[in-house]
Amino acid sequence: MNSTAVILAAGKGTRMHSDKPKVLQTVLGDPMLRHVREALRPEFGDRVFIVVGHRADMVEAAFAGERFVHQTEQLGTGHALMQALPGLRADACEMVLVVNGDTPLLRAETVAHFMKEAEGADLAFATISLDEPGAYGRVVRDDEGHVSAIVEAKDYDMSRYGAPTGEVNAGMYAIRLSLAEALLPRLSNANRSGEYYITDLVGLAVAEGRDVRGVQCGSDESLMGVNSPRELAQAEESMRAFVVEGLLDKGVLLHAPALVRVSPRATIEAGAELSGPCDVLGSCHVERGARIEAYCSLRDSHVASGAEIRPYCHLEQARVGEGALVGPYARLRPGAVLERDSHVGNFVELKKARLGVGSKANHLTYLGDAEIGAGVNIGAGTITCNYDGKNKHRTTIEDGAFIGSNTALVAPVTVGKECLVGAGSVITHDVPAGELAVARGKQKNLPRRK
Ligand code: UD1
Ligand code: CA
């Protein structure tokens, strides 16, 4: 059936005690909202609206390219959905899937299962069973087990509804657009929070004799809502453990697995080896036979087979080629590319720089906006001076060159093939292939004054 999804993400998240909108709080390196968005992708593709309100600018900036709906005042989840009606109409969808933006553990399979169970219903919502219903909306069923309402925790009156069963509303709904159009204007905010609750649609639809289903999704923690720092930590730990289990099942070698944090977006091949504590976040790809040692933090980086990342390295948008050695204590910033069998040692930083096949930069070096050929040796303390205060300039070092220690290469500059640059030089002009360049004050030995 023709359906569109709406993610509710306009709330402030008061209970999080943070200036950042709640849905931008991260779980394994990605905002909660991103996890929710990705879980909807297989079923909905681009047919998704995100309702934003509190610090909408920040959410929109973090999710460029998505379709947003504005809820300027956060008057409740029902009011939030109402703001999406014009967009949904324009999409000409029949069914609307609504999901809270604070359910980062949501999985595509859970969405698919729920949509299947909701097929043909006028309104369906996912429920989970908890020992302790906490702050979740309670599901009320009649004697025959048919859903009659969702009652929010604050508004739950034991004398009226009896003791809660532990079945609660998970915050995912499927509703016929025509029904949403008819019922949303009828929501009232006469409740403890003074908000228009999406959950009241259930009671209204039941009263109209519609097909309303509470789809039991077990005690599936993939539907856990995150409202507080404690719940954020729980969700993150739960996702971490889930990803680690998957890696072990697949054949990834893990040391101290309880301290390995891998994003569900990362791909780690069987036979790769990771030592905790380490972070492998974003869209990292680690090939079979690559090793990531302890205390490393990688983001959106590629590590090829046989490469070794020694302890205490930071990689971001970097590519490490086959058999390359990195660290300990190296920093590879965006655009760092290490070709096959190259070495980068301690306190070496690369940014937008390519280090050619078998080349080495082993100690205390900055290589920025640089193209370095094969078989090059970069001495300790070499700096590419790539920034003149206004613009960035490139440094090129051709195959087989040898750069002596403590050299400053003032870009733009090219050091040709097989050149030798004397230690302590400040190189401001190109060095033609095969030549020796020395650019430093000559040593004078004078009698010492007494
Ligand atoms: C909501 C449900 C509750 C359910 C729980 C599941 C309501 C009234 N209650 O409670 O039954 O058990 O989720 O996790 O819906 N939002 C907006 N605009 C608003 C208010 C909220 O977009 O005006 C968004 C929030 O950003 C959040 C989501 O809606 O992503 C849910 O809001 P939240 O305040 O967290 O609802 P809960 O109290 O958790
Ligand atoms: Ca919530």
# chains A, B, ... in the order shown; residues from 1 in each chain; ligands from 1
call {"tool": "residues_near_ligand", "arguments": {"ligand": "ligand 1", "cutoff": "8 Å", "atoms": "only C-alpha atoms and all ligand atoms", "output": "PyMOL selection string"}}
result
chain A and resi 7-13+22-23+51-53+71+73-81+99-103+135-138+150-153+168-172+195-200+223-227
call {"tool": "residues_around", "arguments": {"residues": "A:Val212", "least_positions_apart": "4", "cutoff": "8 Å", "atoms": "only C-alpha atoms", "output": "PyMOL selection string"}}
result
chain A and resi 121-124+147+202+205-206
call {"tool": "write_last_selection", "arguments": {"atoms": "N, CA, C and O atoms", "output": "mmCIF file, in the first residue's frame"}}
result
data_model
loop_
_atom_site.group_PDB
_atom_site.id
_atom_site.type_symbol
_atom_site.label_atom_id
_atom_site.label_comp_id
_atom_site.auth_asym_id
_atom_site.auth_seq_id
_atom_site.Cartn_x
_atom_site.Cartn_y
_atom_site.Cartn_z
ATOM 1 N N ALA A 121 -5.667 -2.542 8.635
ATOM 2 C CA ALA A 121 -6.224 -1.861 9.817
ATOM 3 C C ALA A 121 -6.460 -0.389 9.490
ATOM 4 O O ALA A 121 -5.858 0.165 8.572
ATOM 5 N N ASP A 122 -7.344 0.242 10.272
ATOM 6 C CA ASP A 122 -7.509 1.689 10.132
ATOM 7 C C ASP A 122 -6.459 2.408 10.974
ATOM 8 O O ASP A 122 -5.953 3.459 10.604
ATOM 9 N N LEU A 123 -6.182 1.785 12.122
ATOM 10 C CA LEU A 123 -5.161 2.357 13.011
ATOM 11 C C LEU A 123 -4.488 1.201 13.743
ATOM 12 O O LEU A 123 -5.171 0.328 14.300
ATOM 13 N N ALA A 124 -3.182 1.171 13.726
ATOM 14 C CA ALA A 124 -2.443 0.151 14.483
ATOM 15 C C ALA A 124 -1.315 0.848 15.229
ATOM 16 O O ALA A 124 -0.837 1.889 14.791
ATOM 17 N N VAL A 147 -8.269 -3.641 21.923
ATOM 18 C CA VAL A 147 -7.742 -2.370 22.414
ATOM 19 C C VAL A 147 -8.889 -1.390 22.628
ATOM 20 O O VAL A 147 -9.778 -1.281 21.777
ATOM 21 N N VAL A 202 -6.400 6.675 19.414
ATOM 22 C CA VAL A 202 -6.818 5.277 19.585
ATOM 23 C C VAL A 202 -8.243 5.202 20.129
ATOM 24 O O VAL A 202 -9.118 4.550 19.529
ATOM 25 N N ALA A 205 -10.784 6.411 17.583
ATOM 26 C CA ALA A 205 -11.025 5.475 16.477
ATOM 27 C C ALA A 205 -11.854 4.276 16.948
ATOM 28 O O ALA A 205 -12.723 3.794 16.220
ATOM 29 N N VAL A 206 -11.593 3.813 18.180
ATOM 30 C CA VAL A 206 -12.372 2.695 18.736
ATOM 31 C C VAL A 206 -13.836 3.122 18.852
ATOM 32 O O VAL A 206 -14.751 2.380 18.461
#
call {"tool": "atom_distance", "arguments": {"atom1": "atom CA of A:Arg192", "atom2": "atom CA of A:Asp157"}}
result
11.6 Å
call {"tool": "residues_around", "arguments": {"residues": "A:Ala207", "least_positions_apart": "4", "cutoff": "10 Å", "atoms": "only C-alpha atoms", "output": "ChimeraX atom specification"}}
result
/A:148-149,201-203
call {"tool": "closest_residue", "arguments": {"among": "A:His17, A:Arg34, A:Arg55, A:His285", "to": "A:Thr267", "atoms": "only C-alpha atoms"}}
result
A:His285
call {"tool": "residues_around", "arguments": {"residues": "stretch 383-395 of chain A", "least_positions_apart": "3", "cutoff": "10 Å", "atoms": "only C-alpha atoms", "output": "count of residues only"}}
result
33
call {"tool": "closest_residue", "arguments": {"among": "A:Gly65, A:Pro104, A:Gly271, A:Pro31", "to": "ligand 2", "atoms": "only C-alpha atoms and all ligand atoms"}}
result
A:Pro104
call {"tool": "select_by_dssp", "arguments": {"residues": "stretch 238-440 of chain A", "states": "alpha helix (DSSP H)", "output": "PDB file with all heavy atoms, in the first residue's frame"}}
result
ATOM      1  N   SER A 238      22.963  -1.085  24.712  1.00  0.00           N
ATOM      2  CA  SER A 238      22.209  -2.155  24.094  1.00  0.00           C
ATOM      3  C   SER A 238      22.571  -2.287  22.608  1.00  0.00           C
ATOM      4  O   SER A 238      22.783  -3.397  22.096  1.00  0.00           O
ATOM      5  CB  SER A 238      20.727  -1.849  24.302  1.00  0.00           C
ATOM      6  OG  SER A 238      19.951  -2.589  23.437  1.00  0.00           O
ATOM      7  N   MET A 239      22.679  -1.159  21.928  1.00  0.00           N
ATOM      8  CA  MET A 239      23.048  -1.213  20.513  1.00  0.00           C
ATOM      9  C   MET A 239      24.477  -1.723  20.349  1.00  0.00           C
ATOM     10  O   MET A 239      24.779  -2.516  19.466  1.00  0.00           O
ATOM     11  CB  MET A 239      22.908   0.173  19.876  1.00  0.00           C
ATOM     12  CG  MET A 239      23.112   0.149  18.370  1.00  0.00           C
ATOM     13  SD  MET A 239      23.079   1.784  17.635  1.00  0.00           S
ATOM     14  CE  MET A 239      21.382   2.245  17.818  1.00  0.00           C
ATOM     15  N   ARG A 240      25.363  -1.260  21.225  1.00  0.00           N
ATOM     16  CA  ARG A 240      26.762  -1.685  21.163  1.00  0.00           C
ATOM     17  C   ARG A 240      26.863  -3.210  21.276  1.00  0.00           C
ATOM     18  O   ARG A 240      27.517  -3.870  20.476  1.00  0.00           O
ATOM     19  CB  ARG A 240      27.552  -1.016  22.293  1.00  0.00           C
ATOM     20  CG  ARG A 240      29.063  -1.166  22.178  1.00  0.00           C
ATOM     21  CD  ARG A 240      29.728  -1.013  23.532  1.00  0.00           C
ATOM     22  NE  ARG A 240      29.285  -2.054  24.455  1.00  0.00           N
ATOM     23  CZ  ARG A 240      29.654  -3.330  24.388  1.00  0.00           C
ATOM     24  NH1 ARG A 240      30.508  -3.730  23.465  1.00  0.00           N
ATOM     25  NH2 ARG A 240      29.160  -4.224  25.234  1.00  0.00           N
ATOM     26  N   ALA A 241      26.174  -3.754  22.293  1.00  0.00           N
ATOM     27  CA  ALA A 241      26.235  -5.199  22.523  1.00  0.00           C
ATOM     28  C   ALA A 241      25.644  -5.950  21.329  1.00  0.00           C
ATOM     29  O   ALA A 241      26.175  -6.985  20.911  1.00  0.00           O
ATOM     30  CB  ALA A 241      25.488  -5.543  23.802  1.00  0.00           C
ATOM     31  N   PHE A 242      24.581  -5.410  20.759  1.00  0.00           N
ATOM     32  CA  PHE A 242      23.934  -6.042  19.606  1.00  0.00           C
ATOM     33  C   PHE A 242      24.899  -6.091  18.413  1.00  0.00           C
ATOM     34  O   PHE A 242      25.050  -7.117  17.749  1.00  0.00           O
ATOM     35  CB  PHE A 242      22.665  -5.261  19.251  1.00  0.00           C
ATOM     36  CG  PHE A 242      21.916  -5.800  18.071  1.00  0.00           C
ATOM     37  CD1 PHE A 242      21.084  -6.904  18.210  1.00  0.00           C
ATOM     38  CD2 PHE A 242      22.053  -5.206  16.818  1.00  0.00           C
ATOM     39  CE1 PHE A 242      20.392  -7.399  17.103  1.00  0.00           C
ATOM     40  CE2 PHE A 242      21.364  -5.700  15.712  1.00  0.00           C
ATOM     41  CZ  PHE A 242      20.525  -6.806  15.866  1.00  0.00           C
ATOM     42  N   VAL A 243      25.574  -4.981  18.163  1.00  0.00           N
ATOM     43  CA  VAL A 243      26.514  -4.929  17.031  1.00  0.00           C
ATOM     44  C   VAL A 243      27.675  -5.884  17.276  1.00  0.00           C
ATOM     45  O   VAL A 243      28.080  -6.639  16.377  1.00  0.00           O
ATOM     46  CB  VAL A 243      27.028  -3.479  16.800  1.00  0.00           C
ATOM     47  CG1 VAL A 243      28.137  -3.461  15.753  1.00  0.00           C
ATOM     48  CG2 VAL A 243      25.889  -2.561  16.382  1.00  0.00           C
ATOM     49  N   VAL A 244      28.200  -5.888  18.498  1.00  0.00           N
ATOM     50  CA  VAL A 244      29.330  -6.761  18.823  1.00  0.00           C
ATOM     51  C   VAL A 244      28.942  -8.238  18.647  1.00  0.00           C
ATOM     52  O   VAL A 244      29.703  -9.029  18.085  1.00  0.00           O
ATOM     53  CB  VAL A 244      29.838  -6.458  20.257  1.00  0.00           C
ATOM     54  CG1 VAL A 244      30.606  -7.635  20.837  1.00  0.00           C
ATOM     55  CG2 VAL A 244      30.723  -5.214  20.234  1.00  0.00           C
ATOM     56  N   GLU A 245      27.747  -8.600  19.077  1.00  0.00           N
ATOM     57  CA  GLU A 245      27.279  -9.978  18.882  1.00  0.00           C
ATOM     58  C   GLU A 245      27.289 -10.329  17.402  1.00  0.00           C
ATOM     59  O   GLU A 245      27.724 -11.410  17.012  1.00  0.00           O
ATOM     60  CB  GLU A 245      25.850 -10.145  19.437  1.00  0.00           C
ATOM     61  CG  GLU A 245      25.793 -10.358  20.932  1.00  0.00           C
ATOM     62  CD  GLU A 245      26.638 -11.544  21.369  1.00  0.00           C
ATOM     63  OE1 GLU A 245      26.487 -12.641  20.794  1.00  0.00           O
ATOM     64  OE2 GLU A 245      27.468 -11.362  22.286  1.00  0.00           O
ATOM     65  N   GLY A 246      26.798  -9.410  16.595  1.00  0.00           N
ATOM     66  CA  GLY A 246      26.754  -9.634  15.150  1.00  0.00           C
ATOM     67  C   GLY A 246      28.160  -9.828  14.586  1.00  0.00           C
ATOM     68  O   GLY A 246      28.386 -10.685  13.724  1.00  0.00           O
ATOM     69  N   LEU A 247      29.114  -9.043  15.081  1.00  0.00           N
ATOM     70  CA  LEU A 247      30.494  -9.150  14.579  1.00  0.00           C
ATOM     71  C   LEU A 247      31.089 -10.505  14.961  1.00  0.00           C
ATOM     72  O   LEU A 247      31.757 -11.152  14.144  1.00  0.00           O
ATOM     73  CB  LEU A 247      31.368  -8.025  15.156  1.00  0.00           C
ATOM     74  CG  LEU A 247      30.991  -6.590  14.773  1.00  0.00           C
ATOM     75  CD1 LEU A 247      31.940  -5.601  15.445  1.00  0.00           C
ATOM     76  CD2 LEU A 247      31.012  -6.397  13.260  1.00  0.00           C
ATOM     77  N   LEU A 248      30.825 -10.941  16.186  1.00  0.00           N
ATOM     78  CA  LEU A 248      31.357 -12.237  16.626  1.00  0.00           C
ATOM     79  C   LEU A 248      30.732 -13.371  15.818  1.00  0.00           C
ATOM     80  O   LEU A 248      31.418 -14.292  15.379  1.00  0.00           O
ATOM     81  CB  LEU A 248      31.107 -12.431  18.132  1.00  0.00           C
ATOM     82  CG  LEU A 248      31.950 -11.532  19.047  1.00  0.00           C
ATOM     83  CD1 LEU A 248      31.468 -11.613  20.483  1.00  0.00           C
ATOM     84  CD2 LEU A 248      33.439 -11.886  18.965  1.00  0.00           C
ATOM     85  N   ASP A 249      29.431 -13.276  15.588  1.00  0.00           N
ATOM     86  CA  ASP A 249      28.749 -14.299  14.778  1.00  0.00           C
ATOM     87  C   ASP A 249      29.380 -14.401  13.402  1.00  0.00           C
ATOM     88  O   ASP A 249      29.509 -15.477  12.831  1.00  0.00           O
ATOM     89  CB  ASP A 249      27.268 -13.940  14.579  1.00  0.00           C
ATOM     90  CG  ASP A 249      26.450 -14.184  15.837  1.00  0.00           C
ATOM     91  OD1 ASP A 249      26.951 -14.876  16.739  1.00  0.00           O
ATOM     92  OD2 ASP A 249      25.320 -13.647  15.912  1.00  0.00           O
ATOM     93  N   LYS A 250      29.765 -13.262  12.889  1.00  0.00           N
ATOM     94  CA  LYS A 250      30.265 -13.196  11.521  1.00  0.00           C
ATOM     95  C   LYS A 250      31.712 -13.659  11.407  1.00  0.00           C
ATOM     96  O   LYS A 250      32.175 -14.036  10.333  1.00  0.00           O
ATOM     97  CB  LYS A 250      30.158 -11.727  11.142  1.00  0.00           C
ATOM     98  CG  LYS A 250      30.545 -11.332   9.782  1.00  0.00           C
ATOM     99  CD  LYS A 250      30.281  -9.826   9.691  1.00  0.00           C
ATOM    100  CE  LYS A 250      30.698  -9.293   8.360  1.00  0.00           C
ATOM    101  NZ  LYS A 250      30.511  -7.840   8.301  1.00  0.00           N
TER     102      LYS A 250
END
call {"tool": "residues_around", "arguments": {"residues": "A:Pro229", "least_positions_apart": "2", "cutoff": "6 Å", "atoms": "only C-alpha atoms", "output": "ChimeraX atom specification"}}
result
/A:16,231-232
call {"tool": "write_last_selection", "arguments": {"atoms": "all heavy atoms", "output": "mmCIF file, in the first residue's frame"}}
result
data_model
loop_
_atom_site.group_PDB
_atom_site.id
_atom_site.type_symbol
_atom_site.label_atom_id
_atom_site.label_comp_id
_atom_site.auth_asym_id
_atom_site.auth_seq_id
_atom_site.Cartn_x
_atom_site.Cartn_y
_atom_site.Cartn_z
ATOM 1 N N MET A 16 16.451 15.611 29.201
ATOM 2 C CA MET A 16 17.840 15.316 28.822
ATOM 3 C C MET A 16 18.798 16.364 29.392
ATOM 4 O O MET A 16 20.017 16.182 29.368
ATOM 5 C CB MET A 16 17.932 15.273 27.292
ATOM 6 C CG MET A 16 19.075 14.488 26.720
ATOM 7 S SD MET A 16 19.121 12.772 27.243
ATOM 8 C CE MET A 16 18.100 11.985 26.029
ATOM 9 N N GLU A 231 18.606 6.679 30.048
ATOM 10 C CA GLU A 231 18.054 5.863 28.960
ATOM 11 C C GLU A 231 18.931 5.938 27.711
ATOM 12 O O GLU A 231 19.057 4.957 26.968
ATOM 13 C CB GLU A 231 16.617 6.312 28.640
ATOM 14 C CG GLU A 231 15.641 5.861 29.719
ATOM 15 C CD GLU A 231 14.280 6.523 29.640
ATOM 16 O OE1 GLU A 231 14.091 7.460 28.828
ATOM 17 O OE2 GLU A 231 13.396 6.121 30.426
ATOM 18 N N LEU A 232 19.555 7.091 27.514
ATOM 19 C CA LEU A 232 20.469 7.227 26.365
ATOM 20 C C LEU A 232 21.639 6.254 26.530
ATOM 21 O O LEU A 232 22.024 5.551 25.588
ATOM 22 C CB LEU A 232 20.974 8.671 26.277
ATOM 23 C CG LEU A 232 21.852 9.013 25.076
ATOM 24 C CD1 LEU A 232 21.053 8.952 23.778
ATOM 25 C CD2 LEU A 232 22.469 10.407 25.234
#
call {"tool": "residues_around", "arguments": {"residues": "A:Val280", "least_positions_apart": "3", "cutoff": "9 Å", "atoms": "only C-alpha atoms", "output": "ChimeraX atom specification"}}
result
/A:28-29,260-263,266,283-285,296-301
call {"tool": "atom_distance", "arguments": {"atom1": "atom CA of A:Gly434", "atom2": "atom CA of A:Ala361"}}
result
20.3 Å
call {"tool": "residues_around", "arguments": {"residues": "A:Phe44", "least_positions_apart": "6", "cutoff": "12 Å", "atoms": "only C-alpha atoms", "output": "PDB file with N, CA, C and O atoms, in the first residue's frame"}}
result
ATOM      1  N   MET A   1       0.846  -1.211   0.000  1.00  0.00           N
ATOM      2  CA  MET A   1       0.000   0.000   0.000  1.00  0.00           C
ATOM      3  C   MET A   1       0.871   1.247   0.000  1.00  0.00           C
ATOM      4  O   MET A   1       1.966   1.258   0.541  1.00  0.00           O
ATOM      5  N   ASN A   2       0.312   2.261  -0.570  1.00  0.00           N
ATOM      6  CA  ASN A   2       0.961   3.538  -0.700  1.00  0.00           C
ATOM      7  C   ASN A   2       1.106   4.235   0.672  1.00  0.00           C
ATOM      8  O   ASN A   2       0.127   4.702   1.218  1.00  0.00           O
ATOM      9  N   SER A   3       2.297   4.255   1.227  1.00  0.00           N
ATOM     10  CA  SER A   3       2.415   4.862   2.559  1.00  0.00           C
ATOM     11  C   SER A   3       3.629   5.785   2.684  1.00  0.00           C
ATOM     12  O   SER A   3       4.607   5.651   1.950  1.00  0.00           O
ATOM     13  N   THR A   4       3.489   6.710   3.614  1.00  0.00           N
ATOM     14  CA  THR A   4       4.549   7.692   3.890  1.00  0.00           C
ATOM     15  C   THR A   4       4.802   7.660   5.389  1.00  0.00           C
ATOM     16  O   THR A   4       3.888   7.397   6.165  1.00  0.00           O
ATOM     17  N   ALA A   5       6.036   7.924   5.778  1.00  0.00           N
ATOM     18  CA  ALA A   5       6.364   7.909   7.210  1.00  0.00           C
ATOM     19  C   ALA A   5       6.577   9.319   7.737  1.00  0.00           C
ATOM     20  O   ALA A   5       7.001  10.211   6.994  1.00  0.00           O
ATOM     21  N   VAL A   6       6.260   9.501   9.005  1.00  0.00           N
ATOM     22  CA  VAL A   6       6.481  10.779   9.682  1.00  0.00           C
ATOM     23  C   VAL A   6       7.274  10.497  10.954  1.00  0.00           C
ATOM     24  O   VAL A   6       6.876   9.646  11.754  1.00  0.00           O
ATOM     25  N   ILE A   7       8.383  11.182  11.111  1.00  0.00           N
ATOM     26  CA  ILE A   7       9.161  11.035  12.350  1.00  0.00           C
ATOM     27  C   ILE A   7       8.903  12.271  13.211  1.00  0.00           C
ATOM     28  O   ILE A   7       9.073  13.408  12.746  1.00  0.00           O
ATOM     29  N   VAL A  36      16.842   6.253  13.481  1.00  0.00           N
ATOM     30  CA  VAL A  36      15.425   6.070  13.149  1.00  0.00           C
ATOM     31  C   VAL A  36      15.233   6.211  11.637  1.00  0.00           C
ATOM     32  O   VAL A  36      14.566   5.401  10.991  1.00  0.00           O
ATOM     33  N   ARG A  37      15.870   7.238  11.080  1.00  0.00           N
ATOM     34  CA  ARG A  37      15.748   7.489   9.638  1.00  0.00           C
ATOM     35  C   ARG A  37      16.233   6.275   8.830  1.00  0.00           C
ATOM     36  O   ARG A  37      15.597   5.867   7.851  1.00  0.00           O
ATOM     37  N   GLU A  38      17.359   5.702   9.251  1.00  0.00           N
ATOM     38  CA  GLU A  38      17.920   4.560   8.519  1.00  0.00           C
ATOM     39  C   GLU A  38      17.008   3.344   8.622  1.00  0.00           C
ATOM     40  O   GLU A  38      16.879   2.579   7.670  1.00  0.00           O
ATOM     41  N   CYS A  93      -0.741   9.681  -0.013  1.00  0.00           N
ATOM     42  CA  CYS A  93      -0.556   8.354   0.572  1.00  0.00           C
ATOM     43  C   CYS A  93      -1.863   7.899   1.209  1.00  0.00           C
ATOM     44  O   CYS A  93      -2.722   8.710   1.546  1.00  0.00           O
ATOM     45  N   MET A  95      -1.754   5.249   3.795  1.00  0.00           N
ATOM     46  CA  MET A  95      -1.402   4.982   5.191  1.00  0.00           C
ATOM     47  C   MET A  95      -0.230   5.854   5.605  1.00  0.00           C
ATOM     48  O   MET A  95       0.648   6.161   4.794  1.00  0.00           O
ATOM     49  N   VAL A  96      -0.225   6.237   6.879  1.00  0.00           N
ATOM     50  CA  VAL A  96       0.874   7.026   7.424  1.00  0.00           C
ATOM     51  C   VAL A  96       1.506   6.215   8.549  1.00  0.00           C
ATOM     52  O   VAL A  96       0.797   5.732   9.439  1.00  0.00           O
ATOM     53  N   LEU A  97       2.810   6.047   8.495  1.00  0.00           N
ATOM     54  CA  LEU A  97       3.506   5.444   9.624  1.00  0.00           C
ATOM     55  C   LEU A  97       4.085   6.600  10.435  1.00  0.00           C
ATOM     56  O   LEU A  97       4.786   7.450   9.889  1.00  0.00           O
ATOM     57  N   VAL A  98       3.770   6.633  11.716  1.00  0.00           N
ATOM     58  CA  VAL A  98       4.307   7.693  12.568  1.00  0.00           C
ATOM     59  C   VAL A  98       5.222   7.040  13.585  1.00  0.00           C
ATOM     60  O   VAL A  98       4.864   6.017  14.177  1.00  0.00           O
ATOM     61  N   ALA A 108      14.975  -1.974  10.999  1.00  0.00           N
ATOM     62  CA  ALA A 108      14.181  -2.081   9.776  1.00  0.00           C
ATOM     63  C   ALA A 108      13.254  -3.301   9.832  1.00  0.00           C
ATOM     64  O   ALA A 108      12.106  -3.239   9.385  1.00  0.00           O
ATOM     65  N   VAL A 111      10.152  -2.521  11.758  1.00  0.00           N
ATOM     66  CA  VAL A 111       9.244  -1.689  10.959  1.00  0.00           C
ATOM     67  C   VAL A 111       8.485  -2.566   9.969  1.00  0.00           C
ATOM     68  O   VAL A 111       7.261  -2.467   9.832  1.00  0.00           O
ATOM     69  N   ALA A 112       9.214  -3.461   9.312  1.00  0.00           N
ATOM     70  CA  ALA A 112       8.602  -4.330   8.298  1.00  0.00           C
ATOM     71  C   ALA A 112       7.544  -5.231   8.955  1.00  0.00           C
ATOM     72  O   ALA A 112       6.428  -5.384   8.437  1.00  0.00           O
ATOM     73  N   MET A 115       4.471  -3.114   9.895  1.00  0.00           N
ATOM     74  CA  MET A 115       3.681  -2.711   8.729  1.00  0.00           C
ATOM     75  C   MET A 115       2.845  -3.886   8.215  1.00  0.00           C
ATOM     76  O   MET A 115       1.716  -3.708   7.765  1.00  0.00           O
TER      77      MET A 115
END
call {"tool": "atom_distance", "arguments": {"atom1": "atom CA of A:Glu308", "atom2": "atom CA of A:Lys360"}}
result
14.4 Å
call {"tool": "select_by_dssp", "arguments": {"residues": "stretch 29-153 of chain A", "states": "strand (DSSP E)", "output": "PyMOL selection string"}}
result
chain A and resi 30-31+48-52+67-70+95-100+123-129+138-141+147-151
call {"tool": "closest_residue", "arguments": {"among": "A:Gly134, A:Ala39, A:Ile403, A:Val303", "to": "ligand 2", "atoms": "only C-alpha atoms and all ligand atoms"}}
result
A:Gly134
call {"tool": "decode", "arguments": {"residues": "stretch 84-89 of chain A", "atoms": "all heavy atoms", "output": "PDB file, in the first residue's frame"}}
result
ATOM      1  N   ALA A  84       1.895  17.761   9.769  1.00  0.00           N
ATOM      2  CA  ALA A  84       2.371  17.023   8.586  1.00  0.00           C
ATOM      3  C   ALA A  84       1.268  16.761   7.574  1.00  0.00           C
ATOM      4  O   ALA A  84       1.540  16.303   6.454  1.00  0.00           O
ATOM      5  CB  ALA A  84       3.003  15.699   9.029  1.00  0.00           C
ATOM      6  N   LEU A  85       0.001  17.052   7.948  1.00  0.00           N
ATOM      7  CA  LEU A  85      -1.113  16.681   7.059  1.00  0.00           C
ATOM      8  C   LEU A  85      -0.989  17.269   5.639  1.00  0.00           C
ATOM      9  O   LEU A  85      -1.174  16.531   4.668  1.00  0.00           O
ATOM     10  CB  LEU A  85      -2.464  17.057   7.685  1.00  0.00           C
ATOM     11  CG  LEU A  85      -2.916  16.171   8.860  1.00  0.00           C
ATOM     12  CD1 LEU A  85      -4.244  16.678   9.438  1.00  0.00           C
ATOM     13  CD2 LEU A  85      -3.057  14.712   8.434  1.00  0.00           C
ATOM     14  N   PRO A  86      -0.672  18.551   5.478  1.00  0.00           N
ATOM     15  CA  PRO A  86      -0.586  19.070   4.096  1.00  0.00           C
ATOM     16  C   PRO A  86       0.424  18.301   3.245  1.00  0.00           C
ATOM     17  O   PRO A  86       0.140  17.961   2.084  1.00  0.00           O
ATOM     18  CB  PRO A  86      -0.145  20.527   4.292  1.00  0.00           C
ATOM     19  CG  PRO A  86      -0.564  20.883   5.692  1.00  0.00           C
ATOM     20  CD  PRO A  86      -0.462  19.610   6.483  1.00  0.00           C
ATOM     21  N   GLY A  87       1.576  17.990   3.834  1.00  0.00           N
ATOM     22  CA  GLY A  87       2.605  17.234   3.095  1.00  0.00           C
ATOM     23  C   GLY A  87       2.121  15.840   2.751  1.00  0.00           C
ATOM     24  O   GLY A  87       2.362  15.344   1.652  1.00  0.00           O
ATOM     25  N   LEU A  88       1.439  15.217   3.690  1.00  0.00           N
ATOM     26  CA  LEU A  88       0.946  13.852   3.467  1.00  0.00           C
ATOM     27  C   LEU A  88      -0.102  13.837   2.365  1.00  0.00           C
ATOM     28  O   LEU A  88      -0.126  12.945   1.520  1.00  0.00           O
ATOM     29  CB  LEU A  88       0.361  13.290   4.770  1.00  0.00           C
ATOM     30  CG  LEU A  88       1.404  13.037   5.867  1.00  0.00           C
ATOM     31  CD1 LEU A  88       0.739  12.830   7.224  1.00  0.00           C
ATOM     32  CD2 LEU A  88       2.264  11.816   5.514  1.00  0.00           C
ATOM     33  N   ARG A  89      -0.950  14.854   2.381  1.00  0.00           N
ATOM     34  CA  ARG A  89      -1.967  14.986   1.324  1.00  0.00           C
ATOM     35  C   ARG A  89      -1.281  15.097  -0.032  1.00  0.00           C
ATOM     36  O   ARG A  89      -1.641  14.427  -0.989  1.00  0.00           O
ATOM     37  CB  ARG A  89      -2.774  16.267   1.553  1.00  0.00           C
ATOM     38  CG  ARG A  89      -4.187  16.027   2.011  1.00  0.00           C
ATOM     39  CD  ARG A  89      -4.836  17.359   2.361  1.00  0.00           C
ATOM     40  NE  ARG A  89      -5.058  17.475   3.789  1.00  0.00           N
ATOM     41  CZ  ARG A  89      -4.947  18.592   4.496  1.00  0.00           C
ATOM     42  NH1 ARG A  89      -4.580  19.731   3.909  1.00  0.00           N
ATOM     43  NH2 ARG A  89      -5.183  18.599   5.785  1.00  0.00           N
TER      44      ARG A  89
END
